[in-house]
Every structure is written in C-alpha cells, then in structure tokens.
Amino acid sequence: MRVYVPLTLPGLAEAHETGELGSGTFTAYAVTPALREWYLSDDVEELEYAALSRAALASLRLLAAEPGAARRRVVVAVDVTEDTATAGPDRGLDPVALGEVTVTASVPLVKAAAVHVDADDAEADVSAAADALRAAAGGDDDAQYVVDGADDHELLWYATQEIPHLVGRG
C-alpha cells in the first residue's frame, strides 16, 4: 500500500539522519474507503493525488506548529504492507482526517519511492497559508482562501537520492 508521510524539511533531515520514517506509530495518508467516497472517482492516479494532497495539507499543519522550519511542504511516498497501515473508522469522515492512516511501525527511508517538496518560489504562499490555518479552521473564509493558495503550487518530485541535497547535506 502506498502511503504519503507529511513532514517538514527538518523532519526530512531527521529521517535522513536516522534512516527511518517515524519512530514507531505515525500518521500518513493513503487511498482509504472514506477518501474514495469523498473524491467520487475510481481513477487510481487521481485518488493517489488526492491522498498526496491530504498529506501536503498535513505538512502545512506541521509547518504551522514549527515556525522556525523552512516554509516548504514535504511529503514522502513510501510503500508499506497492508497490515501496518490502518484507517481509523471513527475519524473516517472527519474532513481533516480524510485519507488518514496510522502506520504502526517505523519504515526504513530506503523504502521510500519519492519525496515531494515545494519549490523555493512557493515559500511566501506556504508561509501565509501556515499562518492562516487557525483562522481558516475557525471558519474565516478569507483565511481559507489563503490556505487554499498553497495548493496553487505543485509539489515537485525528487528521487530519494536527492534527499541529502534537499536537507543541505549533499
């Protein structure tokens, strides 16, 4: 099963240093039954993109909680076994949790298929979106517009061999 792990650049640097994603149980995003129902598509590529987008939003929430991190969303795509990733039925239809899965074991970073990261030119919009998240969650339509502006930037695809360069160690 392909899962998308939301991170920040410091989180990616830590994963690079330790060689693992997560230190035990962690949250990721995948094509879940609730995501399929919400997205109303059977196209696998579209569903995978929707799961990646949900992880990008979760990365934005991580950035909001980590003001010192570079304002670039980071998502690592990795394949895990079906028995290590489970969707919680109690949060399945929560809009924030669509596609959310719990991965029950650390995953070696070498198993990652790719890393998706914002380009440098997205930093201003991503920063504004991270700052507006709280107000948007409170129902502020203008703040939601700012948060949605981060989605105007496509995450770039990087091979895992490029991680040292992304985190400034290569």
# chains A, B, ... in the order shown; residues from 1 in each chain; ligands from 1
$ residues_around --residues "Pro6 in chain A" --least-positions-apart "6" --cutoff "12 Å" --atoms "only C-alpha atoms" --output "PDB file with N, CA and C atoms, in the first residue's frame"
ATOM      1  N   LEU A  12      12.454  15.801   7.484  1.00  0.00           N
ATOM      2  CA  LEU A  12      13.116  15.004   6.452  1.00  0.00           C
ATOM      3  C   LEU A  12      14.595  14.839   6.786  1.00  0.00           C
ATOM      4  N   ALA A  15      14.819  12.167   9.372  1.00  0.00           N
ATOM      5  CA  ALA A  15      14.622  10.845   8.767  1.00  0.00           C
ATOM      6  C   ALA A  15      15.872  10.420   8.005  1.00  0.00           C
ATOM      7  N   LEU A  21      11.539   6.558   8.711  1.00  0.00           N
ATOM      8  CA  LEU A  21      10.364   7.413   8.799  1.00  0.00           C
ATOM      9  C   LEU A  21       9.596   6.977  10.033  1.00  0.00           C
ATOM     10  N   GLY A  22       9.382   7.894  10.937  1.00  0.00           N
ATOM     11  CA  GLY A  22       8.660   7.569  12.164  1.00  0.00           C
ATOM     12  C   GLY A  22       9.543   6.837  13.146  1.00  0.00           C
ATOM     13  N   PHE A  26       3.012   6.287  13.469  1.00  0.00           N
ATOM     14  CA  PHE A  26       2.911   7.651  12.947  1.00  0.00           C
ATOM     15  C   PHE A  26       1.757   7.747  11.957  1.00  0.00           C
ATOM     16  N   THR A  27       1.378   8.976  11.645  1.00  0.00           N
ATOM     17  CA  THR A  27       0.262   9.244  10.754  1.00  0.00           C
ATOM     18  C   THR A  27       0.758   9.466   9.334  1.00  0.00           C
ATOM     19  N   ALA A  28       0.031   8.896   8.395  1.00  0.00           N
ATOM     20  CA  ALA A  28       0.302   9.092   6.976  1.00  0.00           C
ATOM     21  C   ALA A  28      -1.055   9.194   6.270  1.00  0.00           C
ATOM     22  N   TYR A  29      -1.037   9.301   4.968  1.00  0.00           N
ATOM     23  CA  TYR A  29      -2.264   9.413   4.180  1.00  0.00           C
ATOM     24  C   TYR A  29      -2.201   8.412   3.039  1.00  0.00           C
ATOM     25  N   ALA A  30      -3.369   7.865   2.686  1.00  0.00           N
ATOM     26  CA  ALA A  30      -3.444   6.842   1.643  1.00  0.00           C
ATOM     27  C   ALA A  30      -4.832   6.872   1.030  1.00  0.00           C
ATOM     28  N   ALA A  51      -4.690  11.699  -2.080  1.00  0.00           N
ATOM     29  CA  ALA A  51      -4.016  11.308  -0.830  1.00  0.00           C
ATOM     30  C   ALA A  51      -2.748  12.132  -0.634  1.00  0.00           C
ATOM     31  N   LEU A  52      -1.996  12.363  -1.704  1.00  0.00           N
ATOM     32  CA  LEU A  52      -0.807  13.214  -1.630  1.00  0.00           C
ATOM     33  C   LEU A  52      -1.194  14.629  -1.202  1.00  0.00           C
ATOM     34  N   SER A  53      -2.287  15.133  -1.729  1.00  0.00           N
ATOM     35  CA  SER A  53      -2.753  16.476  -1.371  1.00  0.00           C
ATOM     36  C   SER A  53      -3.160  16.560   0.096  1.00  0.00           C
ATOM     37  N   ARG A  54      -3.771  15.504   0.605  1.00  0.00           N
ATOM     38  CA  ARG A  54      -4.143  15.478   2.028  1.00  0.00           C
ATOM     39  C   ARG A  54      -2.879  15.498   2.889  1.00  0.00           C
ATOM     40  N   ALA A  55      -1.844  14.777   2.464  1.00  0.00           N
ATOM     41  CA  ALA A  55      -0.575  14.775   3.194  1.00  0.00           C
ATOM     42  C   ALA A  55       0.092  16.142   3.121  1.00  0.00           C
ATOM     43  N   ALA A  56      -0.036  16.822   1.986  1.00  0.00           N
ATOM     44  CA  ALA A  56       0.528  18.173   1.853  1.00  0.00           C
ATOM     45  C   ALA A  56      -0.157  19.130   2.823  1.00  0.00           C
ATOM     46  N   LEU A  57      -1.466  18.980   3.002  1.00  0.00           N
ATOM     47  CA  LEU A  57      -2.179  19.804   3.974  1.00  0.00           C
ATOM     48  C   LEU A  57      -1.709  19.491   5.398  1.00  0.00           C
ATOM     49  N   ALA A  58      -1.472  18.222   5.675  1.00  0.00           N
ATOM     50  CA  ALA A  58      -0.955  17.840   6.995  1.00  0.00           C
ATOM     51  C   ALA A  58       0.452  18.405   7.198  1.00  0.00           C
ATOM     52  N   SER A  59       1.255  18.447   6.135  1.00  0.00           N
ATOM     53  CA  SER A  59       2.579  19.055   6.225  1.00  0.00           C
ATOM     54  C   SER A  59       2.447  20.542   6.549  1.00  0.00           C
ATOM     55  N   LEU A  60       1.453  21.179   5.972  1.00  0.00           N
ATOM     56  CA  LEU A  60       1.195  22.591   6.266  1.00  0.00           C
ATOM     57  C   LEU A  60       0.865  22.777   7.748  1.00  0.00           C
ATOM     58  N   ARG A  61       0.092  21.854   8.307  1.00  0.00           N
ATOM     59  CA  ARG A  61      -0.216  21.926   9.747  1.00  0.00           C
ATOM     60  C   ARG A  61       1.052  21.745  10.583  1.00  0.00           C
ATOM     61  N   LEU A  62       1.955  20.871  10.139  1.00  0.00           N
ATOM     62  CA  LEU A  62       3.231  20.704  10.844  1.00  0.00           C
ATOM     63  C   LEU A  62       4.046  21.995  10.788  1.00  0.00           C
ATOM     64  N   LEU A  63       4.034  22.659   9.637  1.00  0.00           N
ATOM     65  CA  LEU A  63       4.751  23.925   9.496  1.00  0.00           C
ATOM     66  C   LEU A  63       4.175  24.994  10.421  1.00  0.00           C
ATOM     67  N   ARG A  72       8.291  25.157   3.357  1.00  0.00           N
ATOM     68  CA  ARG A  72       8.100  24.288   2.203  1.00  0.00           C
ATOM     69  C   ARG A  72       7.469  22.994   2.692  1.00  0.00           C
ATOM     70  N   ARG A  73       6.369  22.618   2.061  1.00  0.00           N
ATOM     71  CA  ARG A  73       5.708  21.358   2.426  1.00  0.00           C
ATOM     72  C   ARG A  73       6.542  20.195   1.913  1.00  0.00           C
ATOM     73  N   VAL A  74       6.553  19.110   2.683  1.00  0.00           N
ATOM     74  CA  VAL A  74       7.320  17.921   2.343  1.00  0.00           C
ATOM     75  C   VAL A  74       6.425  16.698   2.536  1.00  0.00           C
ATOM     76  N   VAL A  75       6.409  15.818   1.550  1.00  0.00           N
ATOM     77  CA  VAL A  75       5.657  14.567   1.642  1.00  0.00           C
ATOM     78  C   VAL A  75       6.545  13.458   1.080  1.00  0.00           C
ATOM     79  N   VAL A  76       6.684  12.388   1.853  1.00  0.00           N
ATOM     80  CA  VAL A  76       7.452  11.225   1.399  1.00  0.00           C
ATOM     81  C   VAL A  76       6.470  10.120   1.022  1.00  0.00           C
ATOM     82  N   ALA A  77       6.610   9.599  -0.192  1.00  0.00           N
ATOM     83  CA  ALA A  77       5.784   8.487  -0.654  1.00  0.00           C
ATOM     84  C   ALA A  77       6.542   7.193  -0.383  1.00  0.00           C
ATOM     85  N   VAL A  78       5.881   6.269   0.298  1.00  0.00           N
ATOM     86  CA  VAL A  78       6.539   5.006   0.653  1.00  0.00           C
ATOM     87  C   VAL A  78       5.508   3.882   0.617  1.00  0.00           C
ATOM     88  N   GLU A 100      -6.514   9.630   6.145  1.00  0.00           N
ATOM     89  CA  GLU A 100      -5.542   9.414   7.227  1.00  0.00           C
ATOM     90  C   GLU A 100      -5.451   7.945   7.598  1.00  0.00           C
ATOM     91  N   VAL A 101      -4.219   7.481   7.752  1.00  0.00           N
ATOM     92  CA  VAL A 101      -3.963   6.121   8.213  1.00  0.00           C
ATOM     93  C   VAL A 101      -2.925   6.179   9.322  1.00  0.00           C
ATOM     94  N   VAL A 115      10.181  11.696  -2.922  1.00  0.00           N
ATOM     95  CA  VAL A 115       9.949  12.794  -1.990  1.00  0.00           C
ATOM     96  C   VAL A 115       9.336  13.933  -2.795  1.00  0.00           C
ATOM     97  N   HIS A 116       8.312  14.546  -2.244  1.00  0.00           N
ATOM     98  CA  HIS A 116       7.633  15.669  -2.892  1.00  0.00           C
ATOM     99  C   HIS A 116       7.834  16.898  -2.020  1.00  0.00           C
ATOM    100  N   VAL A 117       8.351  17.986  -2.616  1.00  0.00           N
ATOM    101  CA  VAL A 117       8.680  19.189  -1.856  1.00  0.00           C
ATOM    102  C   VAL A 117       8.299  20.410  -2.680  1.00  0.00           C
TER     103      VAL A 117
END
$ closest_atom_pairs --of "range 34-129 of chain A" --to "range 150-169 of chain A" --cutoff "7 Å" --atoms "only C-alpha atoms" --output "JSON lines"
{"residue": "A:Ala112", "atom": "CA", "partner": "A:Thr160", "partner_atom": "CA", "distance": 6.8}
{"residue": "A:Ala113", "atom": "CA", "partner": "A:Thr160", "partner_atom": "CA", "distance": 7.0}
{"residue": "A:Ala114", "atom": "CA", "partner": "A:Ala159", "partner_atom": "CA", "distance": 5.1}
{"residue": "A:Val115", "atom": "CA", "partner": "A:Tyr158", "partner_atom": "CA", "distance": 5.1}
{"residue": "A:His116", "atom": "CA", "partner": "A:Trp157", "partner_atom": "CA", "distance": 4.7}
{"residue": "A:Val117", "atom": "CA", "partner": "A:Leu155", "partner_atom": "CA", "distance": 5.0}
{"residue": "A:Asp118", "atom": "CA", "partner": "A:Leu155", "partner_atom": "CA", "distance": 4.7}
{"residue": "A:Ala119", "atom": "CA", "partner": "A:Leu156", "partner_atom": "CA", "distance": 6.6}
{"residue": "A:Ala122", "atom": "CA", "partner": "A:His153", "partner_atom": "CA", "distance": 6.2}
{"residue": "A:Asp125", "atom": "CA", "partner": "A:Ala150", "partner_atom": "CA", "distance": 5.5}
{"residue": "A:Val126", "atom": "CA", "partner": "A:Ala150", "partner_atom": "CA", "distance": 5.2}
{"residue": "A:Ala129", "atom": "CA", "partner": "A:Ala150", "partner_atom": "CA", "distance": 6.2}
$ write_last_selection --atoms "C-alpha atoms" --output "mmCIF file, in the first residue's frame"
data_model
loop_
_atom_site.group_PDB
_atom_site.id
_atom_site.type_symbol
_atom_site.label_atom_id
_atom_site.label_comp_id
_atom_site.auth_asym_id
_atom_site.auth_seq_id
_atom_site.Cartn_x
_atom_site.Cartn_y
_atom_site.Cartn_z
ATOM 1 C CA ALA A 112 10.686 5.489 0.029
ATOM 2 C CA ALA A 113 9.576 5.728 -3.583
ATOM 3 C CA ALA A 114 9.911 9.516 -3.864
ATOM 4 C CA VAL A 115 9.949 12.794 -1.990
ATOM 5 C CA HIS A 116 7.633 15.669 -2.892
ATOM 6 C CA VAL A 117 8.680 19.189 -1.856
ATOM 7 C CA ASP A 118 7.566 22.724 -2.660
ATOM 8 C CA ALA A 119 9.815 24.794 -4.904
ATOM 9 C CA ALA A 122 6.212 28.646 -3.043
ATOM 10 C CA ASP A 125 2.368 31.428 -0.139
ATOM 11 C CA VAL A 126 3.090 28.393 2.049
ATOM 12 C CA ALA A 129 -1.097 29.557 4.461
#
$ select_by_dssp --residues "range 38-158 of chain A" --states "alpha helix (DSSP H)" --output "number ranges by chain"
A: 38-39, 44-65, 123-137, 141-149
$ select_by_dssp --residues "chain A" --states "strand (DSSP E)" --output "VMD selection string"
chain A and resid 2 to 7 20 to 21 26 to 29 74 to 79 85 to 86 100 to 103 107 to 108 112 to 117 156 to 158
$ closest_residue --among "A:Val31, A:Ala137, A:Val147, A:Ala132" --to "Thr86 in chain A" --atoms "only C-alpha atoms"
A:Val31
$ atom_distance --atom1 "CA of Val44 in chain A" --atom2 "CA of Asp83 in chain A"
20.5 Å
$ residues_around --residues "range 66-69 of chain A" --least-positions-apart "5" --cutoff "8 Å" --atoms "only C-alpha atoms" --output "count of residues only"
3
